[in-house]
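Raw query_26.txt, compact mmCIF, C-alpha atoms and all ligand atoms:
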# COMPACT_ATOMS: atom_id res chain seq x y z
CA MET J 1 -17.47 -6.54 -15.54
CA LYS J 2 -14.57 -8.14 -17.34
CA ASN J 3 -14.76 -11.81 -18.08
CA LEU J 4 -11.33 -12.86 -16.88
CA GLU J 5 -9.81 -15.99 -18.34
CA GLN J 6 -6.89 -18.27 -17.65
CA LEU J 7 -3.62 -17.43 -19.38
CA SER J 8 -1.71 -20.56 -20.37
CA LEU J 9 1.78 -20.80 -21.77
CA HIS J 10 2.40 -24.23 -23.26
CA ASN J 11 5.87 -25.44 -24.01
CA ILE J 12 7.19 -22.03 -25.01
CA ASN J 13 10.56 -22.08 -26.75
CA LYS J 14 12.23 -19.06 -28.28
CA SER J 15 15.55 -18.87 -30.09
CA PHE J 16 17.28 -15.97 -31.79
CA PHE J 17 19.82 -16.16 -34.56
CA ILE J 18 22.77 -13.88 -33.97
CA ASN J 19 25.52 -13.98 -36.61
CA ASN J 20 24.05 -17.25 -37.91
CA LYS J 21 24.38 -18.75 -34.47
CA LYS J 22 21.24 -20.05 -32.81
CA ILE J 23 20.76 -18.88 -29.27
CA ASP J 24 18.10 -20.57 -27.19
CA VAL J 25 16.61 -18.00 -24.85
CA LEU J 26 13.43 -19.63 -23.55
CA LYS J 27 13.15 -23.38 -23.12
CA ASP J 28 10.03 -25.40 -22.37
CA ILE J 29 8.23 -22.72 -20.42
CA ASN J 30 4.91 -23.92 -19.08
CA LEU J 31 2.83 -21.65 -16.95
CA ASP J 32 -0.83 -21.28 -16.05
CA VAL J 33 -1.98 -18.04 -14.55
CA THR J 34 -5.41 -18.16 -12.97
CA PRO J 35 -7.90 -15.38 -13.77
CA GLY J 36 -7.22 -12.34 -11.60
CA GLU J 37 -3.95 -13.68 -10.25
CA PHE J 38 -1.00 -11.35 -9.63
CA VAL J 39 2.19 -13.16 -10.65
CA SER J 40 5.72 -11.76 -10.48
CA ILE J 41 8.61 -12.99 -12.59
CA ILE J 42 12.16 -12.53 -11.40
CA GLY J 43 15.43 -13.77 -12.88
CA PRO J 44 18.90 -12.62 -13.88
CA SER J 45 19.31 -9.85 -16.40
CA GLY J 46 19.20 -11.16 -19.96
CA CYS J 47 17.45 -14.42 -19.06
CA GLY J 48 14.44 -13.71 -21.26
CA LYS J 49 11.82 -12.05 -19.06
CA SER J 50 11.08 -9.25 -21.53
CA THR J 51 11.17 -11.75 -24.38
CA LEU J 52 8.47 -13.75 -22.62
CA LEU J 53 6.24 -10.67 -22.18
CA ARG J 54 6.83 -9.65 -25.81
CA LEU J 55 5.61 -13.08 -26.92
CA ILE J 56 2.47 -12.78 -24.80
CA ILE J 57 1.55 -9.40 -26.25
CA GLY J 58 2.40 -10.49 -29.80
CA LEU J 59 5.37 -8.17 -30.42
CA SER J 60 7.37 -11.29 -31.16
CA HIS J 61 6.61 -14.94 -31.94
CA GLN J 62 7.59 -18.07 -30.14
CA THR J 63 9.68 -20.61 -32.02
CA ILE J 64 7.62 -23.46 -30.58
CA GLY J 65 4.63 -23.55 -28.24
CA SER J 66 1.35 -21.80 -27.75
CA ILE J 67 -0.10 -18.97 -25.72
CA LEU J 68 -3.74 -19.31 -24.81
CA LEU J 69 -6.24 -17.04 -23.12
CA GLY J 70 -9.34 -18.90 -22.03
CA GLY J 71 -8.24 -21.79 -24.24
CA ARG J 72 -8.02 -19.67 -27.40
CA GLU J 73 -4.75 -18.74 -29.16
CA LEU J 74 -4.07 -15.08 -28.44
CA GLN J 75 -4.48 -12.96 -31.54
CA GLU J 76 -1.88 -10.44 -32.58
CA SER J 77 -2.50 -6.81 -31.62
CA THR J 78 -5.28 -7.88 -29.32
CA HIS J 79 -6.79 -5.46 -26.84
CA GLU J 80 -7.02 -8.33 -24.39
CA VAL J 81 -3.45 -7.70 -23.22
CA GLY J 82 -1.91 -4.39 -22.14
CA ILE J 83 1.74 -3.63 -21.40
CA VAL J 84 3.78 -1.07 -19.48
CA PHE J 85 7.53 -0.86 -20.10
CA GLN J 86 10.31 0.43 -17.86
CA GLU J 87 10.67 3.60 -19.90
CA SER J 88 7.25 5.12 -20.33
CA ARG J 89 7.43 5.25 -24.18
CA LEU J 90 4.92 8.09 -24.37
CA PHE J 91 4.65 10.24 -27.47
CA PRO J 92 6.33 13.51 -26.42
CA TRP J 93 4.31 15.57 -28.92
CA LEU J 94 0.94 14.37 -27.62
CA SER J 95 -0.88 15.48 -24.50
CA VAL J 96 -1.56 13.05 -21.66
CA TYR J 97 -5.14 12.71 -22.91
CA LYS J 98 -4.04 11.96 -26.50
CA ASN J 99 -1.38 9.55 -25.33
CA ILE J 100 -4.03 7.57 -23.49
CA THR J 101 -6.52 7.54 -26.36
CA PHE J 102 -3.94 6.95 -29.10
CA GLY J 103 -4.55 3.21 -29.42
CA LEU J 104 -8.35 3.46 -29.39
CA GLU J 105 -9.92 2.64 -32.69
CA ASN J 106 -12.18 5.62 -33.17
CA GLU J 107 -10.67 9.01 -33.62
CA HIS J 108 -13.83 10.65 -32.36
CA LEU J 109 -14.51 9.26 -28.96
CA SER J 110 -18.05 8.66 -27.86
CA GLN J 111 -19.20 10.32 -24.67
CA LYS J 112 -18.87 6.98 -22.93
CA ASP J 113 -15.24 6.66 -24.09
CA GLN J 114 -14.50 10.20 -22.99
CA ALA J 115 -15.93 9.42 -19.58
CA ASP J 116 -13.82 6.28 -19.51
CA VAL J 117 -10.64 8.27 -20.20
CA LYS J 118 -11.59 10.63 -17.38
CA GLU J 119 -12.14 7.69 -15.08
CA HIS J 120 -8.73 6.27 -15.94
CA LEU J 121 -7.05 9.63 -15.41
CA HIS J 122 -8.71 9.67 -12.02
CA LEU J 123 -7.62 6.09 -11.35
CA VAL J 124 -3.97 7.05 -11.75
CA GLY J 125 -4.40 10.41 -9.97
CA LEU J 126 -3.84 12.59 -13.05
CA GLU J 127 -7.29 14.11 -13.49
CA ASN J 128 -5.77 17.59 -13.59
CA PHE J 129 -3.09 16.73 -16.14
CA ALA J 130 -5.09 15.74 -19.22
CA ASP J 131 -3.66 18.63 -21.24
CA ALA J 132 -0.09 18.39 -19.97
CA TYR J 133 2.74 17.02 -22.13
CA PRO J 134 5.02 14.18 -20.99
CA SER J 135 8.01 16.53 -20.57
CA GLN J 136 6.02 18.45 -17.97
CA LEU J 137 5.56 15.36 -15.82
CA SER J 138 7.82 13.56 -13.35
CA GLY J 139 8.99 10.01 -14.06
CA GLY J 140 6.35 8.58 -11.74
CA MET J 141 3.58 10.59 -13.40
CA GLN J 142 4.75 9.45 -16.83
CA GLN J 143 4.51 5.85 -15.66
CA ARG J 144 0.99 6.56 -14.39
CA VAL J 145 0.07 7.76 -17.89
CA SER J 146 1.54 4.55 -19.32
CA ILE J 147 -0.55 2.51 -16.90
CA ALA J 148 -3.72 4.43 -17.85
CA ARG J 149 -2.89 3.91 -21.53
CA ALA J 150 -2.44 0.17 -20.97
CA LEU J 151 -5.74 -0.05 -19.08
CA ILE J 152 -7.94 2.06 -21.36
CA SER J 153 -8.87 -0.90 -23.56
CA HIS J 154 -9.83 -2.93 -20.46
CA PRO J 155 -7.29 -5.70 -20.99
CA LYS J 156 -7.83 -9.04 -19.33
CA VAL J 157 -4.10 -9.37 -18.78
CA LEU J 158 -1.78 -6.53 -17.78
CA LEU J 159 1.95 -7.03 -18.37
CA LEU J 160 4.35 -4.85 -16.41
CA ASP J 161 8.00 -5.00 -17.51
CA GLU J 162 10.05 -3.51 -14.68
CA PRO J 163 7.66 -0.55 -14.64
CA PHE J 164 9.19 1.06 -11.55
CA GLY J 165 12.83 0.29 -12.34
CA ALA J 166 13.72 3.83 -13.35
CA LEU J 167 11.97 5.54 -10.45
CA ASP J 168 13.43 6.81 -7.20
CA ALA J 169 12.82 4.77 -4.04
CA ILE J 170 9.97 6.87 -2.63
CA THR J 171 8.09 7.13 -5.93
CA ARG J 172 8.54 3.39 -6.29
CA ILE J 173 6.75 2.76 -2.99
CA TYR J 174 3.87 5.01 -4.05
CA MET J 175 3.65 3.27 -7.42
CA GLN J 176 3.61 -0.15 -5.76
CA GLN J 177 0.73 1.06 -3.64
CA GLU J 178 -1.03 2.38 -6.76
CA ILE J 179 -0.64 -0.84 -8.66
CA THR J 180 -2.21 -2.83 -5.85
CA ARG J 181 -5.15 -0.44 -5.79
CA ILE J 182 -5.46 -0.64 -9.58
CA TRP J 183 -5.28 -4.42 -9.47
CA GLN J 184 -8.15 -4.42 -6.97
CA THR J 185 -10.22 -1.92 -8.95
CA GLU J 186 -9.61 -3.19 -12.48
CA LYS J 187 -9.56 -6.89 -11.63
CA SER J 188 -7.01 -7.74 -14.31
CA THR J 189 -4.67 -10.68 -14.29
CA ILE J 190 -1.21 -9.14 -13.77
CA LEU J 191 2.25 -10.39 -14.77
CA LEU J 192 4.96 -8.22 -13.27
CA VAL J 193 8.61 -8.54 -14.23
CA THR J 194 10.86 -7.06 -11.58
CA HIS J 195 14.42 -7.44 -10.36
CA ASP J 196 13.27 -6.51 -6.86
CA ILE J 197 12.46 -9.64 -4.87
CA ASP J 198 10.88 -7.59 -2.06
CA GLU J 199 8.55 -5.95 -4.56
CA ALA J 200 7.65 -9.35 -6.02
CA ILE J 201 6.82 -10.86 -2.64
CA PHE J 202 5.07 -7.73 -1.42
CA LEU J 203 2.77 -7.40 -4.42
CA SER J 204 2.01 -10.80 -5.83
CA ASP J 205 0.24 -14.05 -5.17
CA ARG J 206 3.02 -16.06 -6.75
CA VAL J 207 6.64 -15.47 -7.68
CA ILE J 208 8.18 -17.23 -10.67
CA VAL J 209 11.95 -17.54 -10.78
CA MET J 210 13.53 -17.90 -14.21
CA SER J 211 16.99 -19.40 -14.54
CA HIS J 212 19.67 -18.14 -16.88
CA ARG J 213 19.96 -19.11 -20.52
CA PRO J 214 18.25 -21.01 -21.78
CA ALA J 215 15.65 -19.85 -19.32
CA THR J 216 13.37 -22.41 -17.84
CA ILE J 217 11.03 -21.82 -14.98
CA LYS J 218 13.27 -23.10 -12.28
CA ASN J 219 11.24 -22.63 -9.23
CA ILE J 220 7.76 -21.54 -8.59
CA ILE J 221 7.40 -20.00 -5.21
CA SER J 222 3.87 -19.53 -4.06
CA VAL J 223 3.55 -16.48 -1.90
CA ASP J 224 0.54 -16.63 0.29
CA LEU J 225 1.71 -14.42 3.10
CA PRO J 226 -0.87 -12.04 4.49
CA ARG J 227 -0.01 -8.83 2.70
CA PRO J 228 -1.41 -5.34 2.89
CA ARG J 229 -3.93 -5.11 0.13
CA ASP J 230 -5.65 -1.82 0.75
CA ARG J 231 -4.58 1.75 0.80
CA ASN J 232 -4.95 2.12 4.55
CA SER J 233 -2.49 -0.63 5.29
CA TYR J 234 -0.05 0.93 2.84
CA ASP J 235 -0.44 4.32 4.46
CA PHE J 236 0.39 2.65 7.71
CA LEU J 237 3.53 1.17 6.15
CA LEU J 238 4.53 4.50 4.72
CA LEU J 239 4.07 6.21 8.06
CA ARG J 240 6.15 3.57 9.76
CA LYS J 241 9.08 4.11 7.37
P1 LIG Q 301 15.60 -9.84 -19.66
O1 LIG Q 301 14.37 -9.04 -19.92
O2 LIG Q 301 15.38 -11.03 -18.79
O3 LIG Q 301 16.72 -8.99 -19.14
P2 LIG Q 301 15.56 -10.19 -22.55
O4 LIG Q 301 14.30 -10.93 -22.73
O5 LIG Q 301 15.57 -8.75 -22.89
O6 LIG Q 301 16.12 -10.43 -21.07
O7 LIG Q 301 16.69 -10.86 -23.43
C1 LIG Q 301 16.99 -12.26 -23.32
C2 LIG Q 301 18.08 -12.61 -24.28
O8 LIG Q 301 17.59 -12.60 -25.60
C3 LIG Q 301 19.27 -11.65 -24.24
O9 LIG Q 301 20.44 -12.40 -24.34
C4 LIG Q 301 19.07 -10.80 -25.47
O10 LIG Q 301 20.30 -10.39 -25.98
C5 LIG Q 301 18.36 -11.75 -26.42
N1 LIG Q 301 17.47 -11.04 -27.34
C6 LIG Q 301 16.34 -10.39 -27.00
N2 LIG Q 301 15.74 -9.85 -28.09
C7 LIG Q 301 16.51 -10.19 -29.13
C8 LIG Q 301 16.44 -9.95 -30.54
N3 LIG Q 301 15.41 -9.26 -31.09
N4 LIG Q 301 17.42 -10.45 -31.32
C9 LIG Q 301 18.42 -11.17 -30.79
N5 LIG Q 301 18.55 -11.44 -29.49
C10 LIG Q 301 17.64 -10.96 -28.66
MG MG Q 302 13.95 -7.03 -19.63

Kindly transcribe the structure held in the file into structure tokens.
Amino acid sequence: MKNLEQLSLHNINKSFFINNKKIDVLKDINLDVTPGEFVSIIGPSGCGKSTLLRLIIGLSHQTIGSILLGGRELQESTHEVGIVFQESRLFPWLSVYKNITFGLENEHLSQKDQADVKEHLHLVGLENFADAYPSQLSGGMQQRVSIARALISHPKVLLLDEPFGALDAITRIYMQQEITRIWQTEKSTILLVTHDIDEAIFLSDRVIVMSHRPATIKNIISVDLPRPRDRNSYDFLLLRK
């Protein structure tokens, strides 16, 4: 069982220099995400949502502020955080199986690791596609591979950056249903960036609204509506549509 911990963003500020001009993108962002919470972030395009996720996973560094997991500064290239981007960013020359295991430290997987990969393939419904290549998969299936790849190191925090943005409406609904099931099974803390307010309210415990540049957290809306949380309720919703 994963030992989930609180994710805390303290006074995050991020500026970029473009043509010697300083542009403040994030300003005084403070946010605590409780262990196992599902938080959505919405806000206008270009306000800094992806920048914020990039800081959390260590692909970029904040100008000021700190990012803590369980009170400790997050280390760079940590396995404690996983990310899924809008475009699946899979390696086209690697099979589904190899794409998922790519980031694992050992080239020769133990039997336990191999079983774990199988379990994750099953989790995202791709148990029969281990040997397929990304080009042989639909957009939704490619995103499922990305999700399995993000989850294989058992991250405590899963970051989703508009993961369903490029998918058609029906696939989107199925993926939303999948992510809820995965959230229940994997028990990760999830931060989802989306431009779809319905999706945010439907999926998460709390919706964060970021304002435009420099982005601050303008409003924090707590969503505590009774929502469908299990597959059966989703099936019911799908049937009703
Ligand atoms: P969002 O994901 O909310 O659409 P981003 O986080 O991608 O927005 O970008 C926020 C702002 O920061 C944009 O104005 C973008 O141009 C700028 N930005 C992001 N990354 C860089 C970078 N590496 N260099 C310069 N500016 C950047
Ligand atoms: Mg973005």

Show me which residues are within 10 Å of ligand LIG 301 (chain Q) counting only C-alpha atoms and all ligand atoms, and format the list as a VMD selection string. chain J and resid 14 to 19 22 to 26 41 to 55 60 161 to 162 193 to 195 210 to 215

What is the distance, in Å and to one decimal place, between atom CA of J:Leu7 and atom CA of J:Lys156? 9.4 Å

Measure the distance from atom CA of J:Gly165 to atom CA of J:Thr189 in Å and round it to one decimal. 20.7 Å

Quick one: residues within 8 Å of stretch 63-65 of chain J, all atoms listed in the file counted, chain neighbours fewer than 3 positions away excluded, as a list of chain:residue names?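 Everything that qualifies: J:Leu9, J:His10, J:Asn11, J:Ile12, J:Asn13, J:Lys14, J:Ser15.
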
What is the atom CA of J:Glu73-atom CA of J:Val157 distance in Å, reported with one decimal?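 One can read the atom CA of J:Glu73 to atom CA of J:Val157 distance as 14.0 Å.
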
Might you pull out every residue within 8 Å of stretch 139-152 of chain J, with all atoms listed in the file counted and same-chain residues fewer than 5 positions away left off, and present them as a count of residues only? 28

When you count all atoms listed in the file, which of these residues is closest to ligand MG 302 (chain Q): J:Asn128, J:Ile67, J:Leu192, J:Lys27?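 Under the stated criterion, the closest residue is J:Leu192.
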
Nearest to J:Ser188 among J:Gln75, J:Ser66, J:Thr34, J:Ser40, with distances taken over only C-alpha atoms: which residue is it?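 When distances to J:Ser188 are compared using only C-alpha atoms, the smallest one comes from J:Thr34.
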
Using only C-alpha atoms and all ligand atoms, pick whichever of J:Phe85, J:Asp28, J:Leu109, J:Arg72 has the shortest atom-to-atom distance to ligand MG 302 (chain Q).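 Result for the nearest residue to ligand MG 302 (chain Q): J:Phe85.
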
Nearest candidate to ligand MG 302 (chain Q) (options J:Val81, J:Ile56, J:Leu160, J:Ile208; using all atoms listed in the file):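 The answer is J:Leu160, which sits nearest to ligand MG 302 (chain Q).
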
For each of J:Gln6, J:His154, J:Val39, J:Gln86, take the minimum atom-to-atom distance to ligand MG 302 (chain Q), counting all atoms listed in the file, then give the residue where this is smallest.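 Closest candidate: J:Gln86.
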
Put the listed atoms of stretch 38-50 of chain J in a box along x, y and z with 8 Å added on every side and give me the centre and edge lengths in Å to one decimal, as JSON.
{"center_x": 9.2, "center_y": -11.8, "center_z": -15.6, "size_x": 36.3, "size_y": 21.2, "size_z": 27.9}

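Nearest residue to J:Gln177 among J:Leu31, J:Ile190, J:Leu159, J:Leu203 is J:Leu203, counting only C-alpha atoms.
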